[in-house]
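One structure is given here, and the rest of the page talks about it.
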Amino acid sequence: MRVGVLADTHDRMPAIAEFARRFSEAGVTMLLHCGDYIAPFSLRPLVESGLTLAGVFGNNDGDREGLRAEAAKGVGVELYESPHSVEVGGVRLMLVYDIGDVQERSLTAHGIVVHGCTHRAERRIQGDTVILNPGEACGWLYGTPTAAILDLETRQAEMITLDGPEWRT
């Protein structure tokens, strides 16, 4: 099973919509979002995509009730406090906004940990655990929006970058 992974979308609607489109084209049926949606309207492209979504809140998500209300408009769209454990395709995952908030033993209790916060894309192995940060879907800090497609069977991640002058900040 392949899942799309987003973090730090920060209201950048064109990038959010483009990632949702690319995920759908790639056969992804589920999204994991690691926080910092910001405003409730930023969930619309994800809800409208029809993809299942499990996500956690980030430190900039002030209107959590508004985000939950927007999520409720979709089918299979759930938002949780960070960190949150979920089983997807038989794999135990942890969704977390700031990985620094999680003790190491909690990290290694999961096969895969996906996180955001740093805005930097990264995939590393810690013991038997894959730790993945898809980078910043907004592209505000580092100039290029990024996301990932994670294959739960192989535990490999394909990074997706929105290139071109229209995406550079």
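By convention in this document, the chains of the structure tokens carry letters A, B, ... by their order, each chain's residues are numbered from 1, and ligands are numbered from 1 in the order they are shown.
Omitting range 159-168 of chain A and its sequence neighbours fewer than 3 positions away, and counting only C-alpha atoms, the residues within 8 Å are A:Ala15, A:Pro134, A:Gly139, A:Gly143, A:Thr144, A:Pro145, A:Thr146, A:Ala147, A:Ala148, A:Ile149.
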- [ ] Apply DSSP to the backbone of this structure and, from chain A, keep only the residues in alpha helix (DSSP H); write these as an MDAnalysis selection string.
- [x] chainID A and resid 13:25 44:48 64:71 104:107
Since we have the selection now, will you write its residues out, keeping N, CA, C and O atoms, as a short mmCIF file (atom, residue, chain, number, x, y, z; two decimals), in the first residue's frame?
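Below is the file again.cif, written as the result:
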```cif
data_model
loop_
_atom_site.label_atom_id
_atom_site.label_comp_id
_atom_site.auth_asym_id
_atom_site.auth_seq_id
_atom_site.Cartn_x
_atom_site.Cartn_y
_atom_site.Cartn_z
N MET A 13 -2.60 26.95 -0.81
CA MET A 13 -3.66 26.22 -1.50
C MET A 13 -3.24 25.61 -2.84
O MET A 13 -3.54 24.45 -3.11
N PRO A 14 -2.55 26.33 -3.73
CA PRO A 14 -2.19 25.71 -5.01
C PRO A 14 -1.29 24.48 -4.82
O PRO A 14 -1.46 23.47 -5.51
N ALA A 15 -0.37 24.54 -3.88
CA ALA A 15 0.52 23.39 -3.64
C ALA A 15 -0.26 22.23 -3.03
O ALA A 15 -0.05 21.07 -3.41
N ILE A 16 -1.15 22.52 -2.10
CA ILE A 16 -1.96 21.46 -1.48
C ILE A 16 -2.78 20.75 -2.54
O ILE A 16 -2.81 19.51 -2.61
N ALA A 17 -3.43 21.52 -3.41
CA ALA A 17 -4.25 20.93 -4.48
C ALA A 17 -3.39 20.13 -5.45
O ALA A 17 -3.79 19.05 -5.89
N GLU A 18 -2.22 20.63 -5.78
CA GLU A 18 -1.34 19.91 -6.71
C GLU A 18 -0.85 18.60 -6.11
O GLU A 18 -0.80 17.57 -6.79
N PHE A 19 -0.48 18.61 -4.84
CA PHE A 19 -0.07 17.35 -4.21
C PHE A 19 -1.22 16.36 -4.16
O PHE A 19 -1.03 15.18 -4.43
N ALA A 20 -2.42 16.81 -3.83
CA ALA A 20 -3.58 15.91 -3.82
C ALA A 20 -3.79 15.30 -5.20
O ALA A 20 -4.05 14.10 -5.32
N ARG A 21 -3.64 16.11 -6.25
CA ARG A 21 -3.79 15.61 -7.62
C ARG A 21 -2.72 14.57 -7.94
O ARG A 21 -3.01 13.50 -8.47
N ARG A 22 -1.49 14.87 -7.59
CA ARG A 22 -0.39 13.94 -7.88
C ARG A 22 -0.53 12.64 -7.09
O ARG A 22 -0.22 11.57 -7.61
N PHE A 23 -0.98 12.73 -5.86
CA PHE A 23 -1.20 11.53 -5.07
C PHE A 23 -2.27 10.66 -5.74
O PHE A 23 -2.09 9.45 -5.88
N SER A 24 -3.35 11.25 -6.15
CA SER A 24 -4.43 10.51 -6.82
C SER A 24 -3.92 9.85 -8.09
O SER A 24 -4.20 8.68 -8.35
N GLU A 25 -3.17 10.59 -8.89
CA GLU A 25 -2.61 10.04 -10.13
C GLU A 25 -1.66 8.88 -9.87
O GLU A 25 -1.53 7.98 -10.70
N ARG A 44 -9.63 21.86 2.42
CA ARG A 44 -10.59 21.62 1.34
C ARG A 44 -10.04 20.79 0.19
O ARG A 44 -10.70 19.84 -0.23
N PRO A 45 -8.86 21.12 -0.37
CA PRO A 45 -8.38 20.28 -1.49
C PRO A 45 -8.18 18.83 -1.10
O PRO A 45 -8.36 17.93 -1.92
N LEU A 46 -7.81 18.59 0.14
CA LEU A 46 -7.59 17.22 0.60
C LEU A 46 -8.92 16.50 0.79
O LEU A 46 -9.07 15.35 0.38
N VAL A 47 -9.89 17.18 1.39
CA VAL A 47 -11.22 16.60 1.56
C VAL A 47 -11.86 16.35 0.20
O VAL A 47 -12.42 15.28 -0.06
N GLU A 48 -11.75 17.31 -0.71
CA GLU A 48 -12.36 17.19 -2.04
C GLU A 48 -11.69 16.12 -2.90
O GLU A 48 -12.30 15.60 -3.83
N ARG A 64 -8.43 24.69 15.94
CA ARG A 64 -8.56 23.23 15.85
C ARG A 64 -10.01 22.79 15.66
O ARG A 64 -10.27 21.83 14.95
N GLU A 65 -10.94 23.50 16.27
CA GLU A 65 -12.35 23.14 16.08
C GLU A 65 -12.78 23.42 14.65
O GLU A 65 -13.53 22.65 14.05
N GLY A 66 -12.32 24.51 14.07
CA GLY A 66 -12.61 24.80 12.66
C GLY A 66 -12.00 23.76 11.74
O GLY A 66 -12.62 23.33 10.77
N LEU A 67 -10.79 23.33 12.05
CA LEU A 67 -10.14 22.27 11.26
C LEU A 67 -10.92 20.97 11.38
O LEU A 67 -11.14 20.28 10.38
N ARG A 68 -11.35 20.63 12.59
CA ARG A 68 -12.14 19.41 12.78
C ARG A 68 -13.47 19.49 12.02
O ARG A 68 -13.92 18.52 11.43
N ALA A 69 -14.10 20.67 12.03
CA ALA A 69 -15.37 20.85 11.31
C ALA A 69 -15.15 20.69 9.81
O ALA A 69 -15.97 20.06 9.13
N GLU A 70 -14.08 21.23 9.28
CA GLU A 70 -13.78 21.08 7.85
C GLU A 70 -13.48 19.62 7.53
O GLU A 70 -13.94 19.09 6.52
N ALA A 71 -12.73 18.94 8.40
CA ALA A 71 -12.41 17.52 8.20
C ALA A 71 -13.68 16.68 8.19
O ALA A 71 -13.80 15.71 7.43
N GLU A 104 12.44 8.23 22.72
CA GLU A 104 13.00 7.26 21.78
C GLU A 104 12.31 5.91 21.85
O GLU A 104 12.06 5.29 20.82
N ARG A 105 11.94 5.45 23.02
CA ARG A 105 11.29 4.14 23.12
C ARG A 105 9.93 4.14 22.43
O ARG A 105 9.49 3.13 21.91
N SER A 106 9.26 5.28 22.40
CA SER A 106 7.99 5.38 21.66
C SER A 106 8.24 5.33 20.16
O SER A 106 7.45 4.76 19.41
N LEU A 107 9.32 5.95 19.72
CA LEU A 107 9.66 5.92 18.29
C LEU A 107 9.91 4.50 17.82
O LEU A 107 9.38 4.05 16.81
#
```
Open item on the list: If I take CA of Ala7 in chain A and CA of Gly127 in chain A, how far is one from the other in Å, to one decimal?
Closed with: 23.7 Å
- [ ] Fewer than 3 positions away in the same chain doesn't count, so skip those; otherwise give me all residues within 6 Å of Asn133 in chain A, counting only C-alpha atoms, as a ChimeraX atom specification.
- [x] /A:114-116,121-122
Selection near His119 in chain A, 7 Å with only C-alpha atoms, sequence-local residues under 5 positions removed, as a PDB file with N, CA, C and O atoms, in the first residue's frame:
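Generated output (result14.pdb):
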```pdb
ATOM      1  N   ASP A   8       3.342  20.577   7.109  1.00  0.00           N
ATOM      2  CA  ASP A   8       3.604  22.008   6.982  1.00  0.00           C
ATOM      3  C   ASP A   8       3.054  22.594   5.684  1.00  0.00           C
ATOM      4  O   ASP A   8       3.772  23.206   4.904  1.00  0.00           O
ATOM      5  N   GLY A 135       9.128  17.028   4.429  1.00  0.00           N
ATOM      6  CA  GLY A 135       9.524  18.404   4.162  1.00  0.00           C
ATOM      7  C   GLY A 135       8.316  19.322   4.212  1.00  0.00           C
ATOM      8  O   GLY A 135       7.271  18.969   4.748  1.00  0.00           O
ATOM      9  N   GLU A 136       8.459  20.495   3.640  1.00  0.00           N
ATOM     10  CA  GLU A 136       7.401  21.499   3.706  1.00  0.00           C
ATOM     11  C   GLU A 136       6.588  21.521   2.422  1.00  0.00           C
ATOM     12  O   GLU A 136       7.090  21.830   1.358  1.00  0.00           O
TER      13      GLU A 136
END
```
Task: Of the listed residues A:Val3, A:Leu141, A:Phe41, A:Gly111, that which approaches Asp128 in chain A most closely, counting only C-alpha atoms - done: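 Comparing A:Val3, A:Leu141, A:Phe41, A:Gly111 against Asp128 in chain A, the winner is A:Gly111.
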Task: Å distance separating CA of Asp11 in chain A from CA of Trp140 in chain A, one decimal place - done: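 Computed distance, CA of Asp11 in chain A to CA of Trp140 in chain A, equals 10.3 Å.
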Task: Pick from A:Asp36, A:Ala26, A:Cys117, A:Gly74, whichever lies nearest to Ser49 in chain A using only C-alpha atoms - done: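 Of A:Asp36, A:Ala26, A:Cys117, A:Gly74, the one nearest Ser49 in chain A is A:Gly74, counting only C-alpha atoms.
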Fewer than 2 positions away in the same chain doesn't count, so skip those; otherwise give me all residues within 9 Å of Ser82 in chain A, counting only C-alpha atoms, as a PDB file with all heavy atoms, in the first residue's frame.
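Saved the output as result_35.pdb:
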```pdb
ATOM      1  N   CYS A  34       1.210  15.607   8.843  1.00  0.00           N
ATOM      2  CA  CYS A  34       1.926  15.762  10.110  1.00  0.00           C
ATOM      3  C   CYS A  34       1.839  17.163  10.702  1.00  0.00           C
ATOM      4  O   CYS A  34       2.724  17.577  11.443  1.00  0.00           O
ATOM      5  CB  CYS A  34       3.382  15.367   9.916  1.00  0.00           C
ATOM      6  SG  CYS A  34       3.562  13.671   9.375  1.00  0.00           S
ATOM      7  N   GLY A  35       0.794  17.895  10.381  1.00  0.00           N
ATOM      8  CA  GLY A  35       0.522  19.132  11.086  1.00  0.00           C
ATOM      9  C   GLY A  35       0.905  20.414  10.380  1.00  0.00           C
ATOM     10  O   GLY A  35       1.615  20.422   9.383  1.00  0.00           O
ATOM     11  N   GLY A  55      -4.407  12.704  10.256  1.00  0.00           N
ATOM     12  CA  GLY A  55      -3.439  13.766  10.502  1.00  0.00           C
ATOM     13  C   GLY A  55      -3.392  14.171  11.953  1.00  0.00           C
ATOM     14  O   GLY A  55      -4.289  13.866  12.733  1.00  0.00           O
ATOM     15  N   VAL A  56      -2.323  14.869  12.296  1.00  0.00           N
ATOM     16  CA  VAL A  56      -2.164  15.429  13.636  1.00  0.00           C
ATOM     17  C   VAL A  56      -2.029  16.941  13.520  1.00  0.00           C
ATOM     18  O   VAL A  56      -1.696  17.469  12.452  1.00  0.00           O
ATOM     19  CB  VAL A  56      -0.939  14.840  14.371  1.00  0.00           C
ATOM     20  CG1 VAL A  56      -1.144  13.356  14.665  1.00  0.00           C
ATOM     21  CG2 VAL A  56       0.357  15.070  13.614  1.00  0.00           C
ATOM     22  N   PHE A  57      -2.294  17.615  14.611  1.00  0.00           N
ATOM     23  CA  PHE A  57      -2.154  19.058  14.651  1.00  0.00           C
ATOM     24  C   PHE A  57      -0.701  19.455  14.875  1.00  0.00           C
ATOM     25  O   PHE A  57       0.052  18.754  15.536  1.00  0.00           O
ATOM     26  CB  PHE A  57      -3.005  19.651  15.784  1.00  0.00           C
ATOM     27  CG  PHE A  57      -4.481  19.508  15.566  1.00  0.00           C
ATOM     28  CD1 PHE A  57      -5.226  18.662  16.360  1.00  0.00           C
ATOM     29  CD2 PHE A  57      -5.118  20.213  14.555  1.00  0.00           C
ATOM     30  CE1 PHE A  57      -6.594  18.540  16.170  1.00  0.00           C
ATOM     31  CE2 PHE A  57      -6.483  20.088  14.349  1.00  0.00           C
ATOM     32  CZ  PHE A  57      -7.222  19.245  15.154  1.00  0.00           C
ATOM     33  N   GLY A  58      -0.335  20.616  14.334  1.00  0.00           N
ATOM     34  CA  GLY A  58       0.979  21.201  14.560  1.00  0.00           C
ATOM     35  C   GLY A  58       0.879  22.387  15.500  1.00  0.00           C
ATOM     36  O   GLY A  58      -0.215  22.745  15.958  1.00  0.00           O
ATOM     37  N   TYR A  80      -6.070  14.368  14.820  1.00  0.00           N
ATOM     38  CA  TYR A  80      -5.765  13.969  16.184  1.00  0.00           C
ATOM     39  C   TYR A  80      -4.745  14.917  16.805  1.00  0.00           C
ATOM     40  O   TYR A  80      -4.024  15.617  16.102  1.00  0.00           O
ATOM     41  CB  TYR A  80      -5.172  12.548  16.209  1.00  0.00           C
ATOM     42  CG  TYR A  80      -6.019  11.519  15.524  1.00  0.00           C
ATOM     43  CD1 TYR A  80      -5.785  11.147  14.205  1.00  0.00           C
ATOM     44  CD2 TYR A  80      -7.063  10.907  16.209  1.00  0.00           C
ATOM     45  CE1 TYR A  80      -6.568  10.188  13.578  1.00  0.00           C
ATOM     46  CE2 TYR A  80      -7.856   9.940  15.591  1.00  0.00           C
ATOM     47  CZ  TYR A  80      -7.598   9.593  14.268  1.00  0.00           C
ATOM     48  OH  TYR A  80      -8.373   8.644  13.651  1.00  0.00           O
ATOM     49  N   HIS A  84       0.175  10.556  17.540  1.00  0.00           N
ATOM     50  CA  HIS A  84      -0.950   9.630  17.414  1.00  0.00           C
ATOM     51  C   HIS A  84      -0.482   8.372  16.692  1.00  0.00           C
ATOM     52  O   HIS A  84       0.180   8.455  15.662  1.00  0.00           O
ATOM     53  CB  HIS A  84      -2.092  10.272  16.628  1.00  0.00           C
ATOM     54  CG  HIS A  84      -3.282   9.389  16.502  1.00  0.00           C
ATOM     55  ND1 HIS A  84      -4.146   9.168  17.562  1.00  0.00           N
ATOM     56  CD2 HIS A  84      -3.736   8.641  15.459  1.00  0.00           C
ATOM     57  CE1 HIS A  84      -5.089   8.321  17.163  1.00  0.00           C
ATOM     58  NE2 HIS A  84      -4.864   7.997  15.903  1.00  0.00           N
ATOM     59  N   LEU A  95       2.171   9.169  13.855  1.00  0.00           N
ATOM     60  CA  LEU A  95       2.119  10.502  13.265  1.00  0.00           C
ATOM     61  C   LEU A  95       2.474  11.477  14.376  1.00  0.00           C
ATOM     62  O   LEU A  95       1.885  11.427  15.459  1.00  0.00           O
ATOM     63  CB  LEU A  95       0.716  10.836  12.767  1.00  0.00           C
ATOM     64  CG  LEU A  95       0.088   9.924  11.736  1.00  0.00           C
ATOM     65  CD1 LEU A  95      -1.364  10.326  11.513  1.00  0.00           C
ATOM     66  CD2 LEU A  95       0.844  10.018  10.444  1.00  0.00           C
ATOM     67  N   VAL A  96       3.413  12.361  14.111  1.00  0.00           N
ATOM     68  CA  VAL A  96       3.819  13.324  15.126  1.00  0.00           C
ATOM     69  C   VAL A  96       4.221  14.616  14.429  1.00  0.00           C
ATOM     70  O   VAL A  96       4.765  14.584  13.325  1.00  0.00           O
ATOM     71  CB  VAL A  96       4.963  12.764  16.008  1.00  0.00           C
ATOM     72  CG1 VAL A  96       6.192  12.423  15.210  1.00  0.00           C
ATOM     73  CG2 VAL A  96       5.296  13.693  17.158  1.00  0.00           C
ATOM     74  N   TYR A  97       3.891  15.715  15.053  1.00  0.00           N
ATOM     75  CA  TYR A  97       4.319  16.994  14.483  1.00  0.00           C
ATOM     76  C   TYR A  97       5.803  17.210  14.784  1.00  0.00           C
ATOM     77  O   TYR A  97       6.632  17.181  13.901  1.00  0.00           O
ATOM     78  CB  TYR A  97       3.460  18.153  15.020  1.00  0.00           C
ATOM     79  CG  TYR A  97       3.984  19.478  14.549  1.00  0.00           C
ATOM     80  CD1 TYR A  97       3.912  19.821  13.202  1.00  0.00           C
ATOM     81  CD2 TYR A  97       4.588  20.369  15.415  1.00  0.00           C
ATOM     82  CE1 TYR A  97       4.434  21.015  12.745  1.00  0.00           C
ATOM     83  CE2 TYR A  97       5.098  21.565  14.964  1.00  0.00           C
ATOM     84  CZ  TYR A  97       5.021  21.885  13.634  1.00  0.00           C
ATOM     85  OH  TYR A  97       5.547  23.066  13.177  1.00  0.00           O
ATOM     86  N   ASP A  98       6.146  17.390  16.042  1.00  0.00           N
ATOM     87  CA  ASP A  98       7.533  17.651  16.436  1.00  0.00           C
ATOM     88  C   ASP A  98       8.117  16.382  17.044  1.00  0.00           C
ATOM     89  O   ASP A  98       7.754  15.992  18.151  1.00  0.00           O
ATOM     90  CB  ASP A  98       7.579  18.799  17.434  1.00  0.00           C
ATOM     91  CG  ASP A  98       8.993  19.209  17.835  1.00  0.00           C
ATOM     92  OD1 ASP A  98       9.960  18.488  17.499  1.00  0.00           O
ATOM     93  OD2 ASP A  98       9.120  20.251  18.497  1.00  0.00           O
ATOM     94  N   ASP A 101       9.274  15.881  20.637  1.00  0.00           N
ATOM     95  CA  ASP A 101       8.325  15.699  21.736  1.00  0.00           C
ATOM     96  C   ASP A 101       8.105  14.233  22.100  1.00  0.00           C
ATOM     97  O   ASP A 101       7.336  13.937  23.006  1.00  0.00           O
ATOM     98  CB  ASP A 101       6.956  16.302  21.370  1.00  0.00           C
ATOM     99  CG  ASP A 101       6.995  17.809  21.280  1.00  0.00           C
ATOM    100  OD1 ASP A 101       7.934  18.432  21.827  1.00  0.00           O
ATOM    101  OD2 ASP A 101       6.081  18.376  20.641  1.00  0.00           O
TER     102      ASP A 101
END
```
TODO: Can you check which residues of range 9-168 of chain A DSSP gives as strand (DSSP E) on the backbone and send them as a VMD selection string?
DONE: chain A and resid 30 to 33 52 to 56 77 to 80 84 to 88 91 to 96 112 to 115 121 to 126 129 to 134 146 to 151 156 to 161
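For the residues A:Val75, A:Arg12, A:Glu153, A:Arg123, ranking by smallest atom-to-atom distance to Val88 in chain A using only C-alpha atoms places A:Glu153 first.
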TODO: Measure the distance from CA of Pro83 in chain A to CA of Ala157 in chain A in Å and round it to one decimal.
DONE: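 That distance, rounded to one decimal, is 20.9 Å.
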Open item on the list: With only C-alpha atoms as the counted atoms, please give the residues lying no more than 12 Å from Thr154 in chain A, apart from itself and same-chain residues fewer than 5 positions off, as a PyMOL selection string.
Closed with: chain A and resi 1-2+91+111-112+130+149
